[in-house]
Amino acid sequence: MLRPFLVLAAASLVACSSSDGLKIADDTGLEGGADTGATDSVSDVAGPSLFFHVRTSKDGFTHVDGLAGQTARAAKQGIRSFRLLRSATDPAPVTVFDHGKGFVEAGYVAGDDTVVGSAKIATLPAGDFKLAQVVVTHSRFVVSSTLHYLGADVPGDYDCVQTLSDGVDLDGITRARGWYRYTFLAGGKSYPQEGTAAPLHTSPATGGFVLRTEGATSFYEMNLDVHVDPTAKTA
């Protein structure tokens, strides 16, 4: 059985200021995918801006689940929002950026670097934050596999897409969490399978991330140690 792709565990989420000379988004839209309903415009507030990148590397790390695996190809994931928490029981997490019902689709092929959101430092509250949560909408990926059918073993690829949260607009259709389409490709032909009850991965944290689900929303959670000073003059 295929499992949803914990691909962010192989990526890093970093921030930089607009003065760093790194790739940034402009004020009219973010790079990397859909930008509908975004609330993170950086053009209306004075002071330095933060631009959040998802950067992907193939550097190895220790897997603790004991399962076999492979590095997926053409991997992408929708990033909807980013929030900071002072503790695991923080009653008022700070939303750093939020694309509303939209998302930015970040690439997870080695070397990809996608700006997924931005914020003005002056709009964030002061404090020390210990957790971050990245809300994700869907995953796309391709993996090699062998289809066993009626005594025949057919090598090919699975081209997969799966929603991880509710209200995800894919190809003009709004999908709920758990919708999937797995298409087996072999011999120049495609064999799709589609449904609405795909499982979510529940393994321990891998590569510093863990996938959690609350209601109809899925998010990656990671530990960090960040002090926010909204009066800072540089990011």
# chains A, B, ... in the order shown; residues from 1 in each chain; ligands from 1
>>> select_by_dssp(residues="range 97-191 of chain A", states="strand (DSSP E or B)", output="PyMOL selection string")
chain A and resi 97-98+104-107+113-120+127-149+152-163+168-170+173-175+180-186+189-191
>>> residues_around(residues="Arg181 in chain A", least_positions_apart="2", cutoff="12 Å", atoms="only C-alpha atoms", output="list in words")
Leu2, Pro4, His138, Ser139, Arg140, Phe141, Val142, Tyr158, Asp159, Cys160, Val161, Gln162, Thr163, Leu170, Arg175, Gly178, Trp179, Thr183, Phe184, Ser190, Tyr191, Pro192, Gln193, Glu194, Gly195, Thr196, Ala197 and Ala198 of chain A
>>> residues_around(residues="Arg86 in chain A", least_positions_apart="3", cutoff="6 Å", atoms="only C-alpha atoms", output="PyMOL selection string")
chain A and resi 90+129-130
>>> write_last_selection(atoms="N, CA, C and O atoms", output="compact mmCIF listing (two decimals), in the first residue's frame")
# COMPACT_ATOMS: atom_id res chain seq x y z
N ASP A 90 0.59 26.11 23.54
CA ASP A 90 0.35 27.54 23.28
C ASP A 90 -1.09 27.75 22.81
O ASP A 90 -1.50 27.21 21.77
N PHE A 129 10.02 31.39 20.79
CA PHE A 129 9.19 30.34 20.21
C PHE A 129 9.97 29.04 20.13
O PHE A 129 11.14 29.02 19.74
N LYS A 130 9.30 27.94 20.49
CA LYS A 130 9.95 26.64 20.60
C LYS A 130 9.48 25.62 19.58
O LYS A 130 10.09 24.57 19.43
>>> closest_residue(among="A:Val104, A:Val143, A:Ala92, A:Ala119", to="Ala72 in chain A", atoms="only C-alpha atoms")
A:Val143
>>> atom_distance(atom1="CA of Gly187 in chain A", atom2="CA of Gly151 in chain A")
17.5 Å
>>> atom_distance(atom1="CA of Tyr220 in chain A", atom2="CA of Ala126 in chain A")
23.3 Å
>>> closest_residue(among="A:Leu84, A:Val134, A:Ala216, A:Val154", to="His99 in chain A", atoms="only C-alpha atoms")
A:Val134
>>> residues_around(residues="range 224-229 of chain A", least_positions_apart="4", cutoff="8 Å", atoms="only C-alpha atoms", output="PDB file with N, CA, C and O atoms, in the first residue's frame")
ATOM      1  N   ILE A 121       8.814  41.719   9.779  1.00  0.00           N
ATOM      2  CA  ILE A 121       9.170  41.470  11.171  1.00  0.00           C
ATOM      3  C   ILE A 121       8.315  42.314  12.110  1.00  0.00           C
ATOM      4  O   ILE A 121       7.910  41.871  13.181  1.00  0.00           O
ATOM      5  N   LEU A 124       5.062  40.859  13.650  1.00  0.00           N
ATOM      6  CA  LEU A 124       5.104  39.686  14.521  1.00  0.00           C
ATOM      7  C   LEU A 124       5.255  40.108  15.975  1.00  0.00           C
ATOM      8  O   LEU A 124       5.946  41.082  16.279  1.00  0.00           O
ATOM      9  N   PRO A 125       4.641  39.391  16.908  1.00  0.00           N
ATOM     10  CA  PRO A 125       4.772  39.740  18.323  1.00  0.00           C
ATOM     11  C   PRO A 125       6.131  39.318  18.869  1.00  0.00           C
ATOM     12  O   PRO A 125       6.731  38.357  18.403  1.00  0.00           O
ATOM     13  N   ALA A 126       6.597  40.031  19.860  1.00  0.00           N
ATOM     14  CA  ALA A 126       7.855  39.673  20.508  1.00  0.00           C
ATOM     15  C   ALA A 126       7.673  38.388  21.311  1.00  0.00           C
ATOM     16  O   ALA A 126       6.586  38.097  21.830  1.00  0.00           O
ATOM     17  N   GLY A 127       8.738  37.608  21.396  1.00  0.00           N
ATOM     18  CA  GLY A 127       8.658  36.400  22.202  1.00  0.00           C
ATOM     19  C   GLY A 127       9.668  35.362  21.799  1.00  0.00           C
ATOM     20  O   GLY A 127      10.390  35.510  20.805  1.00  0.00           O
ATOM     21  N   ASP A 128       9.718  34.303  22.609  1.00  0.00           N
ATOM     22  CA  ASP A 128      10.582  33.155  22.341  1.00  0.00           C
ATOM     23  C   ASP A 128       9.706  31.985  21.925  1.00  0.00           C
ATOM     24  O   ASP A 128       8.757  31.614  22.636  1.00  0.00           O
ATOM     25  N   PHE A 129      10.022  31.391  20.793  1.00  0.00           N
ATOM     26  CA  PHE A 129       9.189  30.343  20.212  1.00  0.00           C
ATOM     27  C   PHE A 129       9.973  29.036  20.130  1.00  0.00           C
ATOM     28  O   PHE A 129      11.143  29.022  19.743  1.00  0.00           O
ATOM     29  N   LYS A 130       9.296  27.943  20.490  1.00  0.00           N
ATOM     30  CA  LYS A 130       9.953  26.642  20.600  1.00  0.00           C
ATOM     31  C   LYS A 130       9.476  25.618  19.580  1.00  0.00           C
ATOM     32  O   LYS A 130      10.090  24.566  19.432  1.00  0.00           O
ATOM     33  N   LEU A 131       8.368  25.892  18.899  1.00  0.00           N
ATOM     34  CA  LEU A 131       7.827  24.963  17.908  1.00  0.00           C
ATOM     35  C   LEU A 131       7.400  25.725  16.663  1.00  0.00           C
ATOM     36  O   LEU A 131       6.975  26.886  16.756  1.00  0.00           O
ATOM     37  N   ALA A 132       7.501  25.077  15.524  1.00  0.00           N
ATOM     38  CA  ALA A 132       6.961  25.621  14.278  1.00  0.00           C
ATOM     39  C   ALA A 132       6.066  24.574  13.642  1.00  0.00           C
ATOM     40  O   ALA A 132       6.306  23.369  13.763  1.00  0.00           O
TER      41      ALA A 132
END
>>> closest_residue(among="A:Ser218, A:Thr71, A:Phe82, A:Lys58", to="Thr137 in chain A", atoms="only C-alpha atoms")
A:Ser218
>>> closest_residue(among="A:Gly111, A:Glu214, A:Ser145, A:Ser165", to="Ala186 in chain A", atoms="only C-alpha atoms")
A:Ser145
>>> residues_around(residues="Leu185 in chain A", least_positions_apart="4", cutoff="6 Å", atoms="only C-alpha atoms", output="ChimeraX atom specification")
/A:156-157,189-190
>>> closest_residue(among="A:Ala122, A:Ala74, A:Val64, A:Val136", to="Gly107 in chain A", atoms="only C-alpha atoms")
A:Ala74
>>> atom_distance(atom1="CA of Ile79 in chain A", atom2="CA of Gly60 in chain A")
23.3 Å
